[in-house]
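What follows is the content of run07.txt (compact mmCIF, C-alpha atoms and all ligand atoms).
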```txt
# COMPACT_ATOMS: atom_id res chain seq x y z
CA MET A 146 -27.97 21.91 -34.02
CA LYS A 147 -25.12 21.70 -31.49
CA LYS A 148 -23.07 24.84 -30.89
CA ILE A 149 -19.33 24.53 -31.32
CA THR A 150 -16.18 26.60 -30.79
CA ILE A 151 -14.23 27.64 -33.88
CA ALA A 152 -10.57 28.67 -33.57
CA ILE A 153 -8.89 30.35 -36.53
CA ASP A 154 -5.17 31.00 -36.22
CA GLY A 155 -2.49 32.08 -38.63
CA TYR A 156 -0.06 34.73 -39.75
CA SER A 157 -0.79 38.44 -39.78
CA SER A 158 -2.93 39.86 -42.59
CA CYS A 159 -3.83 36.51 -44.11
CA GLY A 160 -7.55 37.14 -44.22
CA LYS A 161 -8.48 35.27 -41.06
CA SER A 162 -10.77 37.97 -39.79
CA THR A 163 -12.69 38.32 -43.06
CA MET A 164 -13.52 34.63 -43.15
CA ALA A 165 -14.17 34.43 -39.41
CA LYS A 166 -16.55 37.42 -39.48
CA ASP A 167 -18.44 36.16 -42.52
CA LEU A 168 -18.93 32.70 -41.05
CA ALA A 169 -20.04 34.06 -37.68
CA ARG A 170 -22.63 36.28 -39.30
CA GLU A 171 -23.91 33.51 -41.53
CA VAL A 172 -24.33 30.91 -38.79
CA GLY A 173 -25.33 33.35 -36.02
CA TYR A 174 -22.22 32.91 -33.88
CA ILE A 175 -20.35 35.57 -31.91
CA TYR A 176 -17.14 36.74 -33.59
CA ILE A 177 -14.17 37.82 -31.49
CA ASP A 178 -11.02 39.34 -32.97
CA SER A 179 -8.39 38.53 -30.34
CA GLY A 180 -5.79 40.60 -32.22
CA ALA A 181 -7.96 43.68 -31.64
CA MET A 182 -7.57 43.08 -27.90
CA TYR A 183 -3.75 43.05 -28.12
CA ARG A 184 -3.98 46.12 -30.34
CA ALA A 185 -6.17 47.91 -27.75
CA VAL A 186 -3.62 47.24 -24.98
CA THR A 187 -0.92 48.59 -27.32
CA LEU A 188 -2.94 51.74 -28.00
CA TYR A 189 -3.32 52.22 -24.24
CA CYS A 190 0.49 52.00 -23.93
CA LEU A 191 1.01 54.55 -26.70
CA ASP A 192 -1.60 56.97 -25.33
CA ASN A 193 -0.13 56.78 -21.83
CA GLY A 194 3.56 57.02 -22.68
CA LEU A 195 4.27 53.38 -21.78
CA CYS A 196 5.78 52.58 -25.20
CA THR A 197 8.84 54.67 -25.95
CA PRO A 198 11.74 54.20 -28.36
CA GLU A 199 13.61 52.75 -25.37
CA GLY A 200 11.04 50.01 -24.98
CA ILE A 201 7.90 49.15 -23.03
CA ASP A 202 7.53 50.25 -19.42
CA THR A 203 6.45 46.78 -18.29
CA ALA A 204 6.18 47.65 -14.59
CA ARG A 205 3.69 50.46 -15.25
CA LEU A 206 1.82 48.42 -17.83
CA GLU A 207 1.43 45.50 -15.44
CA ALA A 208 0.10 47.88 -12.75
CA ALA A 209 -2.31 49.39 -15.32
CA MET A 210 -3.70 46.05 -16.61
CA PRO A 211 -6.62 45.90 -14.15
CA HIS A 212 -7.71 49.35 -15.41
CA ILE A 213 -7.69 48.41 -19.09
CA ARG A 214 -11.22 47.35 -20.05
CA ILE A 215 -11.77 45.95 -23.51
CA SER A 216 -15.18 45.21 -24.97
CA PHE A 217 -16.86 44.77 -28.35
CA ARG A 218 -20.08 46.54 -29.33
CA LEU A 219 -21.97 45.99 -32.55
CA ASN A 220 -22.18 48.89 -34.96
CA PRO A 221 -25.95 49.12 -35.54
CA GLU A 222 -25.47 50.12 -39.18
CA THR A 223 -22.93 47.53 -40.31
CA GLY A 224 -23.55 44.80 -37.73
CA ARG A 225 -19.76 44.66 -37.24
CA PRO A 226 -18.16 44.56 -33.78
CA MET A 227 -16.36 47.74 -32.75
CA THR A 228 -13.48 47.49 -30.29
CA HIS A 229 -13.87 49.68 -27.19
CA LEU A 230 -11.10 50.62 -24.79
CA ASN A 231 -12.44 51.88 -21.47
CA ASP A 232 -15.78 52.56 -23.19
CA VAL A 233 -14.29 54.59 -26.06
CA ASN A 234 -14.61 53.29 -29.63
CA VAL A 235 -11.03 52.73 -30.82
CA GLU A 236 -11.80 50.51 -33.83
CA ASP A 237 -10.03 52.80 -36.32
CA ARG A 238 -7.17 53.88 -34.10
CA ILE A 239 -6.05 50.31 -33.33
CA ARG A 240 -5.57 49.55 -37.06
CA THR A 241 -2.91 52.22 -37.71
CA MET A 242 0.71 51.40 -38.54
CA GLU A 243 1.76 53.06 -35.27
CA VAL A 244 -0.08 50.35 -33.35
CA SER A 245 0.99 47.56 -35.76
CA ALA A 246 4.61 48.51 -35.17
CA MET A 247 4.35 47.96 -31.39
CA VAL A 248 1.72 45.24 -31.00
CA SER A 249 3.87 42.13 -31.25
CA PRO A 250 6.30 43.14 -28.47
CA VAL A 251 3.31 44.01 -26.25
CA ALA A 252 1.62 40.69 -27.14
CA ALA A 253 4.79 38.81 -26.16
CA LEU A 254 4.46 39.90 -22.51
CA GLY A 255 3.31 37.02 -20.31
CA PHE A 256 1.11 39.11 -18.01
CA VAL A 257 -0.67 40.72 -20.98
CA ARG A 258 -1.39 37.30 -22.50
CA GLU A 259 -2.58 35.89 -19.19
CA ALA A 260 -5.12 38.67 -18.73
CA LEU A 261 -6.40 38.60 -22.31
CA VAL A 262 -6.58 34.79 -22.57
CA LYS A 263 -8.70 34.75 -19.41
CA LEU A 264 -11.06 37.32 -20.92
CA GLN A 265 -11.22 35.40 -24.22
CA GLN A 266 -12.06 32.15 -22.43
CA GLN A 267 -14.87 33.91 -20.56
CA MET A 268 -16.25 35.25 -23.85
CA GLY A 269 -16.32 31.70 -25.27
CA LYS A 270 -17.85 29.96 -22.24
CA GLU A 271 -21.19 29.38 -23.96
CA LYS A 272 -19.65 28.16 -27.26
CA GLY A 273 -21.24 29.42 -30.49
CA ILE A 274 -18.14 31.53 -31.06
CA VAL A 275 -15.61 32.13 -33.83
CA MET A 276 -12.35 33.58 -32.53
CA ASP A 277 -9.30 34.41 -34.60
CA GLY A 278 -5.73 35.05 -33.52
CA ARG A 279 -2.40 33.30 -33.01
CA ASP A 280 -2.95 30.94 -30.10
CA ILE A 281 -6.67 30.26 -30.10
CA GLY A 282 -6.46 26.57 -31.08
CA THR A 283 -3.36 25.92 -28.97
CA THR A 284 -3.93 27.91 -25.76
CA VAL A 285 -7.27 29.71 -25.54
CA PHE A 286 -9.57 26.90 -26.74
CA PRO A 287 -7.49 23.71 -26.99
CA ASP A 288 -10.76 21.73 -27.07
CA ALA A 289 -12.32 23.68 -29.95
CA GLU A 290 -14.29 21.38 -32.25
CA LEU A 291 -13.05 23.16 -35.40
CA LYS A 292 -9.53 24.57 -35.73
CA ILE A 293 -8.15 26.22 -38.85
CA PHE A 294 -4.59 27.39 -39.45
CA VAL A 295 -4.30 29.92 -42.28
CA VAL A 296 -1.14 30.67 -44.25
CA ALA A 297 -0.24 32.82 -47.29
CA SER A 298 3.03 34.27 -48.55
CA ALA A 299 4.35 37.43 -46.82
CA GLU A 300 4.22 39.39 -50.10
CA ILE A 301 0.58 38.53 -50.74
CA ARG A 302 -0.33 39.38 -47.15
CA ALA A 303 1.47 42.75 -47.35
CA GLN A 304 -0.36 43.56 -50.59
CA ARG A 305 -3.73 42.77 -48.97
CA ARG A 306 -2.95 44.98 -45.98
CA TYR A 307 -1.76 47.77 -48.31
CA ASP A 308 -4.99 47.60 -50.32
CA GLU A 309 -7.03 47.62 -47.11
CA LEU A 310 -5.32 50.75 -45.70
CA LYS A 311 -5.55 52.51 -49.07
CA ALA A 312 -9.25 51.70 -49.33
CA LYS A 313 -9.72 53.39 -45.94
CA GLY A 314 -7.86 56.43 -47.26
CA GLN A 315 -4.89 55.88 -44.92
CA GLU A 316 -1.30 56.58 -45.94
CA ALA A 317 0.58 53.34 -46.59
CA SER A 318 3.90 52.15 -47.97
CA TYR A 319 4.03 48.59 -49.33
CA GLU A 320 7.68 48.18 -48.28
CA GLU A 321 6.97 49.36 -44.74
CA ILE A 322 4.02 46.99 -44.45
CA LEU A 323 6.03 44.03 -45.80
CA THR A 324 8.79 44.71 -43.26
CA ASN A 325 6.21 44.94 -40.46
CA VAL A 326 4.48 41.70 -41.55
CA LYS A 327 7.82 39.83 -41.53
CA GLU A 328 8.88 41.31 -38.19
CA ARG A 329 5.60 40.37 -36.55
CA ASP A 330 5.77 36.83 -38.01
CA TYR A 331 9.19 36.46 -36.45
CA ILE A 332 8.22 37.78 -33.02
CA ASP A 333 4.92 35.84 -33.00
CA GLN A 334 6.65 32.55 -33.85
CA ASN A 335 9.60 32.96 -31.52
CA ARG A 336 8.13 34.39 -28.32
CA ALA A 337 8.38 32.28 -25.17
CA VAL A 338 4.68 32.39 -24.23
CA SER A 339 2.23 30.62 -26.61
CA PRO A 340 4.14 31.15 -29.85
CA LEU A 341 2.27 31.03 -33.14
CA ARG A 342 2.11 27.43 -34.33
CA GLN A 343 -0.39 25.09 -35.94
CA ALA A 344 -2.27 22.96 -33.42
CA GLU A 345 -1.88 19.24 -34.20
CA ASP A 346 -5.58 18.88 -34.89
CA ALA A 347 -5.93 22.08 -36.96
CA LEU A 348 -6.81 22.00 -40.66
CA LEU A 349 -4.32 23.89 -42.83
CA LEU A 350 -5.60 26.46 -45.32
CA ASP A 351 -3.19 28.14 -47.74
CA ASN A 352 -5.29 30.94 -49.18
CA SER A 353 -2.54 32.62 -51.25
CA HIS A 354 -4.52 32.00 -54.42
CA LEU A 355 -8.08 31.83 -53.15
CA THR A 356 -10.65 34.57 -53.56
CA ILE A 357 -12.60 35.72 -50.51
CA GLU A 358 -15.64 33.90 -51.89
CA GLU A 359 -13.68 30.64 -52.34
CA GLN A 360 -12.25 30.69 -48.83
CA LYS A 361 -15.65 31.53 -47.40
CA GLN A 362 -17.12 28.50 -49.14
CA TRP A 363 -14.26 26.28 -47.92
CA LEU A 364 -14.82 27.35 -44.31
CA LYS A 365 -18.59 26.89 -44.55
CA GLU A 366 -18.06 23.29 -45.70
CA ARG A 367 -15.68 22.59 -42.79
CA PHE A 368 -18.27 24.07 -40.43
CA GLU A 369 -21.05 21.85 -41.82
CA GLU A 370 -18.83 18.80 -41.30
CA ALA A 371 -17.95 19.82 -37.74
CA VAL A 372 -21.54 20.37 -36.55
CA LYS A 373 -22.89 17.15 -38.07
O1 LIG A 401 -4.62 42.07 -38.35
P1 LIG A 401 -3.40 41.24 -38.29
O2 LIG A 401 -3.63 39.88 -38.85
O3 LIG A 401 -2.20 41.90 -38.82
O4 LIG A 401 -3.04 41.01 -36.80
P2 LIG A 401 -4.02 40.99 -35.58
O5 LIG A 401 -4.84 39.75 -35.64
O6 LIG A 401 -4.71 42.29 -35.49
O7 LIG A 401 -3.00 40.83 -34.36
C1 LIG A 401 -2.06 41.82 -34.09
C2 LIG A 401 -0.91 41.22 -33.30
O8 LIG A 401 -1.40 40.80 -32.00
C3 LIG A 401 -0.23 39.99 -33.88
O9 LIG A 401 0.82 40.29 -34.76
C4 LIG A 401 0.29 39.29 -32.63
O10 LIG A 401 1.54 39.82 -32.25
C5 LIG A 401 -0.72 39.63 -31.57
N1 LIG A 401 -1.69 38.57 -31.29
C6 LIG A 401 -1.34 37.56 -30.43
O11 LIG A 401 -0.23 37.53 -29.97
N2 LIG A 401 -2.23 36.60 -30.08
C7 LIG A 401 -3.47 36.60 -30.60
N3 LIG A 401 -4.33 35.66 -30.21
C8 LIG A 401 -3.85 37.61 -31.50
C9 LIG A 401 -2.93 38.58 -31.85
```

Would you give me this structure, written as structure tokens?
Ligand code: CDP
Amino acid sequence: MKKITIAIDGYSSCGKSTMAKDLAREVGYIYIDSGAMYRAVTLYCLDNGLCTPEGIDTARLEAAMPHIRISFRLNPETGRPMTHLNDVNVEDRIRTMEVSAMVSPVAALGFVREALVKLQQQMGKEKGIVMDGRDIGTTVFPDAELKIFVVASAEIRAQRRYDELKAKGQEASYEEILTNVKERDYIDQNRAVSPLRQAEDALLLDNSHLTIEEQKQWLKERFEEAVK
């Protein structure tokens, strides 16, 4: 069977990564969470005092970019990819609200996008990859054979993120999450470099009222059609 490239884009917390991960595992493809890469750069900024209430120290961040190494390693127990920043497992730390609050401004920086898009394209050179994010179908893999654009209401997305953080035992406020989801939507859609938008040839999926099982099934069917 031919190997294809699958690009899944959409708004924050709309369940892209769950469906992308499940499909990748089922069909034996590599899964890459591009958002985790922007989150890792943001964590680097926070850990090194490059993100302050006054803003991002872009000059120092640009100088540091060649020293920021991001990789994914499979957790042998769960089979899930763990994000590593300069060889340290940061999978849990990049999911905190502290990182969520700063990630969209960091991801709007042209030099950050340039470096990460290059890395993402290298990871997908051999095809057989499912990548999710904001600009995968438009910028990273414009020739992807299967492109999906996922949407759901902000309130439903905030509730899902709230449930996820709670399940991990992390402190969470629904109102704070909803505000963050809306702020990131705005920044992601309005930034100058590769703003979030549906690629012309992407299939639209509104999963507001779909269960995880239903959306998994929907994606599997689209995959079967695309590899035929
Ligand atoms: O997990 P969630 O859906 O909230 O977001 P994410 O996929 O972890 O991405 C975090 C942030 O990184 C997004 O809000 C975007 O600002 C940025 N991002 C991006 O600009 N381009 C991508 N390809 C992926 C993420």

* To do: Find the residue from A:Met164, A:Ile175, A:Pro211, A:Glu345 that sits nearest to Lys270 in chain A; use all atoms listed in the file when measuring.
  =>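 Of A:Met164, A:Ile175, A:Pro211, A:Glu345, the one nearest Lys270 in chain A, counting all atoms listed in the file, is A:Ile175.
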
* Structure fact -> One decimal place gives the CA of Pro340 in chain A-atom O8 of ligand LIG 401 (chain A) separation as 11.3 Å

* **Expected selection as a count of residues only for ligand LIG 401 (chain A) within 9 Å, all atoms listed in the file** => 49

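Relative to CA of Val296 in chain A, CA of Leu349 in chain A is found at 7.6 Å.
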
* Asked: So which one's closest to Tyr189 in chain A, A:Lys373, A:Lys361, A:Arg238, A:Lys147? Using only C-alpha atoms, please.
  ->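 Of A:Lys373, A:Lys361, A:Arg238, A:Lys147, the one nearest Tyr189 in chain A is A:Arg238, counting only C-alpha atoms.
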
* Selected residue, from A:Glu300, A:Phe256, A:Thr228, A:Ile274, that lies nearest to Val338 in chain A when counting all atoms listed in the file -> A:Phe256

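Using all atoms listed in the file, the shortest contact distance between Glu370 in chain A and any of A:Glu290, A:Gly194, A:Leu264, A:Ile153 is found at A:Glu290.
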
* Distance query His354 in chain A at most 10 Å, all atoms listed in the file, self and fewer than 2 positions along chain excluded, as a ChimeraX atom specification -> /A:297-298,301,351-352,356-357,359-360

* Asked: Expressed in Å to a single decimal, how great is the separation between CA of Asp237 in chain A and CA of Lys313 in chain A?
  ->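 A separation of 9.6 Å between them.
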
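For the choices A:Ile293, A:Ile177, A:Ala165, A:Leu355, the atom-to-atom distance to Ser216 in chain A is smallest for A:Ile177 when using all atoms listed in the file.
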
* Between A:Gly224, A:Gly273, A:Gly200, A:Gly255, which is the closest to Val172 in chain A once you count all atoms listed in the file? -> A:Gly273

* Skipping near chain neighbours, those fewer than 3 positions away, what residues fall within 9 Å of Asp346 in chain A using only C-alpha atoms, listed as a VMD selection string? -> chain A and resid 282 291 to 293 343

For Arg225 in chain A, find every residue with an atom within 10 Å (counting all atoms listed in the file), except residues of its own chain fewer than 5 positions away, and show them as a compact mmCIF listing (two decimals) with C-alpha atoms, in the frame of the given file.
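Output (result_37.txt):
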```txt
# COMPACT_ATOMS: atom_id res chain seq x y z
CA LYS A 166 -16.55 37.42 -39.48
CA ARG A 170 -22.63 36.28 -39.30
CA TYR A 176 -17.14 36.74 -33.59
CA PHE A 217 -16.86 44.77 -28.35
CA ARG A 218 -20.08 46.54 -29.33
CA LEU A 219 -21.97 45.99 -32.55
CA ASN A 220 -22.18 48.89 -34.96
```

For range 191-202 of chain A, where the input has fewer atoms than it should, I would like all heavy atoms rebuilt and written as an mmCIF file, in the frame of the given file.
```
data_model
loop_
_atom_site.group_PDB
_atom_site.id
_atom_site.type_symbol
_atom_site.label_atom_id
_atom_site.label_comp_id
_atom_site.auth_asym_id
_atom_site.auth_seq_id
_atom_site.Cartn_x
_atom_site.Cartn_y
_atom_site.Cartn_z
ATOM 1 N N LEU A 191 0.579 53.387 -25.922
ATOM 2 C CA LEU A 191 1.010 54.550 -26.700
ATOM 3 C C LEU A 191 0.391 55.836 -26.150
ATOM 4 O O LEU A 191 1.066 56.848 -25.988
ATOM 5 C CB LEU A 191 0.628 54.379 -28.185
ATOM 6 C CG LEU A 191 1.434 53.310 -28.942
ATOM 7 C CD1 LEU A 191 0.762 52.960 -30.262
ATOM 8 C CD2 LEU A 191 2.869 53.782 -29.188
ATOM 9 N N ASP A 192 -0.897 55.777 -25.826
ATOM 10 C CA ASP A 192 -1.600 56.970 -25.330
ATOM 11 C C ASP A 192 -1.089 57.404 -23.958
ATOM 12 O O ASP A 192 -1.241 58.552 -23.572
ATOM 13 C CB ASP A 192 -3.107 56.688 -25.220
ATOM 14 C CG ASP A 192 -3.794 56.737 -26.581
ATOM 15 O OD1 ASP A 192 -3.146 57.145 -27.554
ATOM 16 O OD2 ASP A 192 -4.981 56.359 -26.646
ATOM 17 N N ASN A 193 -0.535 56.455 -23.202
ATOM 18 C CA ASN A 193 -0.130 56.780 -21.830
ATOM 19 C C ASN A 193 1.389 56.802 -21.639
ATOM 20 O O ASN A 193 1.877 56.716 -20.508
ATOM 21 C CB ASN A 193 -0.778 55.788 -20.856
ATOM 22 C CG ASN A 193 -2.286 56.022 -20.765
ATOM 23 O OD1 ASN A 193 -2.745 56.917 -20.061
ATOM 24 N ND2 ASN A 193 -3.039 55.258 -21.536
ATOM 25 N N GLY A 194 2.102 56.898 -22.754
ATOM 26 C CA GLY A 194 3.560 57.020 -22.680
ATOM 27 C C GLY A 194 4.255 55.779 -22.126
ATOM 28 O O GLY A 194 5.345 55.883 -21.559
ATOM 29 N N LEU A 195 3.633 54.604 -22.293
ATOM 30 C CA LEU A 195 4.270 53.380 -21.780
ATOM 31 C C LEU A 195 5.113 52.671 -22.840
ATOM 32 O O LEU A 195 5.822 51.726 -22.538
ATOM 33 C CB LEU A 195 3.208 52.394 -21.251
ATOM 34 C CG LEU A 195 2.247 52.942 -20.186
ATOM 35 C CD1 LEU A 195 1.307 51.857 -19.701
ATOM 36 C CD2 LEU A 195 3.018 53.514 -19.016
ATOM 37 N N CYS A 196 4.959 53.113 -24.108
ATOM 38 C CA CYS A 196 5.780 52.580 -25.200
ATOM 39 C C CYS A 196 6.648 53.722 -25.685
ATOM 40 O O CYS A 196 6.136 54.693 -26.222
ATOM 41 C CB CYS A 196 4.927 52.159 -26.392
ATOM 42 S SG CYS A 196 4.092 50.620 -26.220
ATOM 43 N N THR A 197 7.932 53.622 -25.497
ATOM 44 C CA THR A 197 8.840 54.670 -25.950
ATOM 45 C C THR A 197 9.896 54.017 -26.835
ATOM 46 O O THR A 197 9.978 52.786 -26.854
ATOM 47 C CB THR A 197 9.533 55.344 -24.744
ATOM 48 O OG1 THR A 197 10.292 54.340 -24.069
ATOM 49 C CG2 THR A 197 8.525 55.986 -23.793
ATOM 50 N N PRO A 198 10.695 54.817 -27.538
ATOM 51 C CA PRO A 198 11.740 54.200 -28.360
ATOM 52 C C PRO A 198 12.677 53.322 -27.529
ATOM 53 O O PRO A 198 13.297 52.402 -28.042
ATOM 54 C CB PRO A 198 12.489 55.409 -28.950
ATOM 55 C CG PRO A 198 11.478 56.514 -28.909
ATOM 56 C CD PRO A 198 10.610 56.271 -27.716
ATOM 57 N N GLU A 199 12.731 53.569 -26.230
ATOM 58 C CA GLU A 199 13.610 52.750 -25.370
ATOM 59 C C GLU A 199 12.988 51.400 -25.055
ATOM 60 O O GLU A 199 13.652 50.495 -24.569
ATOM 61 C CB GLU A 199 13.922 53.453 -24.044
ATOM 62 C CG GLU A 199 14.887 54.634 -24.143
ATOM 63 C CD GLU A 199 14.217 55.864 -24.751
ATOM 64 O OE1 GLU A 199 13.137 56.236 -24.268
ATOM 65 O OE2 GLU A 199 14.773 56.422 -25.715
ATOM 66 N N GLY A 200 11.699 51.291 -25.262
ATOM 67 C CA GLY A 200 11.040 50.010 -24.980
ATOM 68 C C GLY A 200 9.724 50.209 -24.248
ATOM 69 O O GLY A 200 9.211 51.327 -24.159
ATOM 70 N N ILE A 201 9.195 49.098 -23.720
ATOM 71 C CA ILE A 201 7.900 49.150 -23.030
ATOM 72 C C ILE A 201 8.154 49.255 -21.533
ATOM 73 O O ILE A 201 8.995 48.523 -20.996
ATOM 74 C CB ILE A 201 7.090 47.866 -23.323
ATOM 75 C CG1 ILE A 201 6.922 47.667 -24.836
ATOM 76 C CG2 ILE A 201 5.735 47.893 -22.640
ATOM 77 C CD1 ILE A 201 6.538 46.253 -25.233
ATOM 78 N N ASP A 202 7.415 50.134 -20.872
ATOM 79 C CA ASP A 202 7.530 50.250 -19.420
ATOM 80 C C ASP A 202 6.666 49.143 -18.806
ATOM 81 O O ASP A 202 5.489 49.347 -18.496
ATOM 82 C CB ASP A 202 7.051 51.649 -18.986
ATOM 83 C CG ASP A 202 7.336 51.920 -17.513
ATOM 84 O OD1 ASP A 202 7.462 50.940 -16.744
ATOM 85 O OD2 ASP A 202 7.425 53.104 -17.149
#
```
